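Enquirer: Below is a structure I'd like to ask you about.
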Amino acid sequence: MPYGDSFSFTAKNGEEIILRPVEEQDAKDITAHVEAIVKAGRYLQKEQPRSVSEEIEFINEVKQKENMYTAVERKGKVVGIARVLKGELQMKKHTGVFRTWIHPDAQGLGIGKELLNYTLRWGESNNLHKIWLTVFSGNEKAVTVYEKAGFIIEGRQKNQAIIDGEMEDEIFMAYFFDKMKK
């Protein structure tokens, strides 16, 4: 699955959702949604969004490095993303870190599951051995979703974040493409 592959599916509400590579023109939608999520949310590991020009620069860097940066398009707007950034060092190129978000208005439509499956297909077709992520312990729904998809918990950093005044652990999870080598 090269960088340019797109995939569409029907969401639970009957709408067509398109998963496709992020393009420069998506930068405005992405930065606006990230800003809203940062202000309202708990689990996005950002304190402020990139500027539109910084996002465009990031999009081009991802393309140049042949990483995955996928847009979730709903009604012509980007309402979520998923990305996998492969290890930069030669010794880590067989791994990729996974990050994702879906705007709250687009959650509950089955988009996350399709996006995760798309990401795993991309990882496998790009010969990755492992995709890894971190998730906070208070986000039990996400941990369950990742476990159902085949991710395992590799470790936990205790009291790594303070969210809404409470200490939360940061959980490290990984999906191994070659199950015999984990």
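In the structure tokens, chains take letters A, B, ... by order of appearance, with residues numbered from 1 within each chain and ligands from 1 in the order shown.
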Quick one: residues within 9 Å of segment 17-31 of chain A, only C-alpha atoms, excluding same-chain residues fewer than 3 positions away - as a PyMOL selection string?
Expert: chain A and resi 3-11+34-36+49-57+59-60+68-75+77-81+111+114-115+118
Enquirer: I'd like the contact shell of Lys12 of chain A - 12 Å cut-off, only C-alpha atoms, skipping same-chain residues fewer than 6 positions apart - returned as a short mmCIF file (atom, residue, chain, number, x, y, z; two decimals) with C-alpha atoms, in the first residue's frame.
Expert:
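Below is the file result_33.cif, written as the result:
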data_model
loop_
_atom_site.label_atom_id
_atom_site.label_comp_id
_atom_site.auth_asym_id
_atom_site.auth_seq_id
_atom_site.Cartn_x
_atom_site.Cartn_y
_atom_site.Cartn_z
CA ALA A 106 -17.26 11.87 13.84
CA GLN A 107 -16.80 9.34 16.62
CA GLY A 108 -19.09 6.34 17.10
CA LEU A 109 -19.52 5.77 13.35
CA GLY A 110 -17.05 2.89 13.01
CA ILE A 111 -14.37 5.16 11.55
CA GLY A 112 -11.74 4.32 14.17
CA LYS A 113 -11.91 0.60 13.48
CA GLU A 114 -11.61 1.09 9.70
#
Enquirer: So which bits of chain A end up strand (DSSP E) when you DSSP the backbone, as an MDAnalysis selection string?
Expert: chainID A and resid 7:10 16:21 68:74 77:86 95:102 130:136 152:163 166:176
Enquirer: Using only C-alpha atoms for the distances, tell me which of A:His33, A:Val84, A:Ile153, A:Met167 is nearest to Ile102 of chain A.
Expert: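 Using only C-alpha atoms, the shortest distance to Ile102 of chain A belongs to A:His33.
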Enquirer: Just checking: using only C-alpha atoms, which residue out of A:Ile162, A:Val62, A:Leu128, A:Ile152 ends up closest to Lys92 of chain A?
Expert: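 Of the candidates, the smallest distance to Lys92 of chain A is held by A:Leu128.
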Enquirer: Quick one: residues within 10 Å of Val135 of chain A, only C-alpha atoms counted, chain neighbours fewer than 3 positions away excluded, as a ChimeraX atom specification?
Expert: /A:43-45,99,138-140,142-143,146,156,168-173
Enquirer: State, in Å with one decimal place, the distance from atom CA of Glu66 of chain A to atom CA of Asn126 of chain A.
Expert: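 According to the coordinates, atom CA of Glu66 of chain A and atom CA of Asn126 of chain A are separated by 9.5 Å.
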Enquirer: Compare A:Met91, A:Leu85, A:Val145, A:Ile131 by their minimum atom-to-atom distance to Phe177 of chain A, counting only C-alpha atoms, and give me the closest one.
Expert: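 Looking only at the distances to Phe177 of chain A, the closest residue turns out to be A:Ile131.
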Enquirer: Between atom CA of Asn117 of chain A and atom CA of Gly155 of chain A, what is the spacing in Å?
Expert: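 If I compute the distance from atom CA of Gly155 of chain A to atom CA of Asn117 of chain A, I get 23.1 Å.
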Enquirer: So how far away is atom CA of Trp122 of chain A from atom CA of Asn67 of chain A, in Å?
Expert: 9.6 Å
Enquirer: What's the 9 Å shell around Glu124 of chain A, counting only C-alpha atoms, without same-chain residues fewer than 5 positions away, as a PyMOL selection string?
Expert: chain A and resi 1+119+129-130+177
Enquirer: Neighbours of Phe98 of chain A within 6 Å (only C-alpha atoms; same-chain residues fewer than 3 positions away dropped), as a list of chain:residue names?
Expert: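 In the requested format, the answer is A:Arg83, A:Val84, A:Trp132, A:Leu133.
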Enquirer: Hey, can you spit out that residue selection with N, CA, C and O atoms as a CSV table (one decimal), in the first residue's frame?
Expert:
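Wrote it out as part.csv, contents follow:
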chain,number,residue,atom,x,y,z
A,83,ARG,N,-1.4,8.5,11.5
A,83,ARG,CA,-0.1,8.5,10.9
A,83,ARG,C,0.8,7.5,11.6
A,83,ARG,O,0.6,7.1,12.7
A,84,VAL,N,1.7,7.0,10.8
A,84,VAL,CA,2.8,6.1,11.2
A,84,VAL,C,4.1,6.7,10.8
A,84,VAL,O,4.3,6.9,9.6
A,132,TRP,N,3.9,0.7,17.2
A,132,TRP,CA,3.7,1.0,18.6
A,132,TRP,C,3.0,2.3,18.8
A,132,TRP,O,3.0,3.2,18.0
A,133,LEU,N,2.5,2.5,20.0
A,133,LEU,CA,1.7,3.7,20.4
A,133,LEU,C,1.8,3.8,21.9
A,133,LEU,O,2.2,2.9,22.6
Enquirer: Need to verify the contact set: Glu166 of chain A, 12 Å, only C-alpha atoms, exclusion of same-chain residues closer than 3 positions in sequence. Can you return it as number ranges by chain?
Expert: A: 42, 136-138, 159-163, 169
Enquirer: Write a file of the just-selected residues containing C-alpha atoms, as a short mmCIF file (atom, residue, chain, number, x, y, z; two decimals), in the first residue's frame.
Expert:
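Result file is again.cif:
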data_model
loop_
_atom_site.label_atom_id
_atom_site.label_comp_id
_atom_site.auth_asym_id
_atom_site.auth_seq_id
_atom_site.Cartn_x
_atom_site.Cartn_y
_atom_site.Cartn_z
CA ARG A 42 -7.83 14.88 27.54
CA PHE A 136 -3.14 7.06 28.87
CA SER A 137 -4.61 4.67 31.42
CA GLY A 138 -7.79 6.73 31.78
CA ASN A 159 1.96 8.58 37.03
CA GLN A 160 3.36 9.90 33.74
CA ALA A 161 0.70 12.57 33.17
CA ILE A 162 -1.65 14.75 35.16
CA ILE A 163 -5.00 14.91 33.38
CA ASP A 169 -0.11 6.06 33.63
#
Enquirer: With distances taken over only C-alpha atoms, which of A:Ala32, A:Leu116, A:Val97, A:Leu89 is nearest to Ala174 of chain A?
Expert: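 Under the stated criterion, the closest residue is A:Val97.
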Enquirer: Using only C-alpha atoms for the distances, tell me which of A:Glu16, A:Gln157, A:Tyr175, A:Lys141 is nearest to Arg121 of chain A.
Expert: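 Going through A:Glu16, A:Gln157, A:Tyr175, A:Lys141 one by one, the smallest distance to Arg121 of chain A is for A:Tyr175.
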